[in-house]
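Read the structure below first, then the notes.
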Amino acid sequence: MAERNTPLTGLILAGGAGSRMGGADKGWLLWKNRPLIEYALERLSPQVDRVLISANRNLERYRNLGVEVLTDHRPDLPGPLAGIEAGLLAAQPGYLLVVPCDAPGFPLDLAARLLRANASAAFARTPERTQPLFALLHTDLLADLQNALDHGERRVHAWLGNIGALTVDFDDSAAFVNLNTPQSLNAGIHPSRRRE
């Protein structure tokens, strides 16, 4: 982990409706005979001081993984920004590192590289696209996020743009592959295992 003087909490986003997966709870879908949530935990835990999971169903099953589980503070599953809000509320003052539950190969140095941006908010960018759900956020951003949610904002990328978040370049696009459709989950995609 990078040298730093502030606590770093990790948040796995697993609280969505799974609409592209026919309503399935994506964290518990199997890839290579293991639930996706296990890959996320395995890769995130060494990078942070504490791990949280944002979930809105199968709560006991998630708690059995041995980490704290958070639910949205807003009704009707408004999306990942609500999960991030819950994470910022629960995190120790410092930074929150956010990752989705359906990207089993994300970089093992994600935290270190985002921290090097030395910004209150930073997120990953690959050659093909930005990756707003792989973000590092200072907990001081909570009030700004709550205000955005109160005013109807639901898009993570838009909110990050509004707060002036920096992008950090990652060359390994395969590491950020999201297995968020039945086709991608079953297509034999092999996320990178590079330890950059």
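Every chain in the structure tokens takes a letter, A first, then B, and so on in the order presented; its residues are numbered from 1, and the ligands are numbered from 1 following the presented order.
Once Arg74 (chain A) and its same-chain neighbours fewer than 5 positions away are set aside, Gly15, Asn56, Gly79, Pro80, Leu81, Ala82, Gly83, Ile84, Glu85, Ala86, Gln146, Leu149, Asp150, Gly152 and Arg154 of chain A remain within 12 Å of it when counting only C-alpha atoms.
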Serialized selection, N, CA and C atoms, as an mmCIF file, in the first residue's frame:
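Done, and the output landed in result.cif:
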data_model
loop_
_atom_site.group_PDB
_atom_site.id
_atom_site.type_symbol
_atom_site.label_atom_id
_atom_site.label_comp_id
_atom_site.auth_asym_id
_atom_site.auth_seq_id
_atom_site.Cartn_x
_atom_site.Cartn_y
_atom_site.Cartn_z
ATOM 1 N N GLY A 15 -24.995 -3.147 -4.500
ATOM 2 C CA GLY A 15 -26.371 -2.869 -4.099
ATOM 3 C C GLY A 15 -27.330 -2.561 -5.222
ATOM 4 N N ASN A 56 -28.198 -4.211 -0.908
ATOM 5 C CA ASN A 56 -29.581 -3.943 -0.522
ATOM 6 C C ASN A 56 -30.439 -5.204 -0.457
ATOM 7 N N GLY A 79 -29.244 4.029 -7.312
ATOM 8 C CA GLY A 79 -28.026 3.806 -8.081
ATOM 9 C C GLY A 79 -26.765 3.891 -7.247
ATOM 10 N N PRO A 80 -25.610 3.768 -7.916
ATOM 11 C CA PRO A 80 -24.351 3.683 -7.180
ATOM 12 C C PRO A 80 -24.002 4.915 -6.362
ATOM 13 N N LEU A 81 -24.483 6.091 -6.737
ATOM 14 C CA LEU A 81 -24.192 7.268 -5.921
ATOM 15 C C LEU A 81 -24.753 7.118 -4.513
ATOM 16 N N ALA A 82 -25.895 6.446 -4.388
ATOM 17 C CA ALA A 82 -26.464 6.221 -3.054
ATOM 18 C C ALA A 82 -25.596 5.255 -2.259
ATOM 19 N N GLY A 83 -25.033 4.268 -2.924
ATOM 20 C CA GLY A 83 -24.110 3.368 -2.248
ATOM 21 C C GLY A 83 -22.859 4.094 -1.789
ATOM 22 N N ILE A 84 -22.359 4.997 -2.634
ATOM 23 C CA ILE A 84 -21.185 5.788 -2.269
ATOM 24 C C ILE A 84 -21.512 6.704 -1.092
ATOM 25 N N GLU A 85 -22.720 7.263 -1.082
ATOM 26 C CA GLU A 85 -23.139 8.090 0.052
ATOM 27 C C GLU A 85 -23.069 7.287 1.344
ATOM 28 N N ALA A 86 -23.614 6.077 1.329
ATOM 29 C CA ALA A 86 -23.577 5.228 2.528
ATOM 30 C C ALA A 86 -22.138 4.939 2.926
ATOM 31 N N GLN A 146 -24.363 14.469 -1.003
ATOM 32 C CA GLN A 146 -25.741 14.489 -0.504
ATOM 33 C C GLN A 146 -26.549 15.583 -1.179
ATOM 34 N N LEU A 149 -27.416 14.388 -4.699
ATOM 35 C CA LEU A 149 -28.496 13.402 -4.658
ATOM 36 C C LEU A 149 -29.833 14.066 -4.338
ATOM 37 N N ASP A 150 -29.825 14.996 -3.409
ATOM 38 C CA ASP A 150 -31.056 15.714 -3.058
ATOM 39 C C ASP A 150 -31.640 16.455 -4.258
ATOM 40 N N GLY A 152 -31.408 15.385 -7.362
ATOM 41 C CA GLY A 152 -31.770 14.469 -8.433
ATOM 42 C C GLY A 152 -30.626 13.887 -9.237
ATOM 43 N N ARG A 154 -28.006 11.336 -10.394
ATOM 44 C CA ARG A 154 -27.878 9.877 -10.233
ATOM 45 C C ARG A 154 -26.664 9.332 -10.989
#
Next item on the list: Can you pull out every residue within 12 Å of region 124-135 of chain A, counting only C-alpha atoms, but drop anything in the same chain fewer than 3 positions away, and send it as an MDAnalysis selection string?
Entry: chainID A and resid 9:14 40 44 79:81 83:84 95:103 106:107 109:115 117 119:121 138 155:161 165:178
Next item on the list: Skip Val69 (chain A) itself and residues of its chain fewer than 4 positions away, then list as a list in words all residues within 8 Å of it, counting only C-alpha atoms.
Entry: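 Everything that qualifies: Leu52, Ile53, Ser54, Ala55, Leu59, Tyr62 and Arg63 of chain A.
Relative to CA of Thr139 (chain A), CA of Pro7 (chain A) is found at 10.2 Å.
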Item checked: All alpha helix (DSSP H) residues (DSSP, backbone) inside chain A, as a PyMOL selection string -> chain A and resi 36-44+59-63+80-90+110-115+142-150+156-162+182-186
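Distances to Glu38 (chain A) were evaluated for A:Val51, A:Ile163, A:Ala24, A:Leu65 using only C-alpha atoms, and the minimum falls at A:Leu65.
Using only C-alpha atoms for every distance, the candidate list A:Gly105, A:Pro75, A:Glu60, A:Leu136 yields A:Leu136 as the residue closest to Leu88 (chain A).
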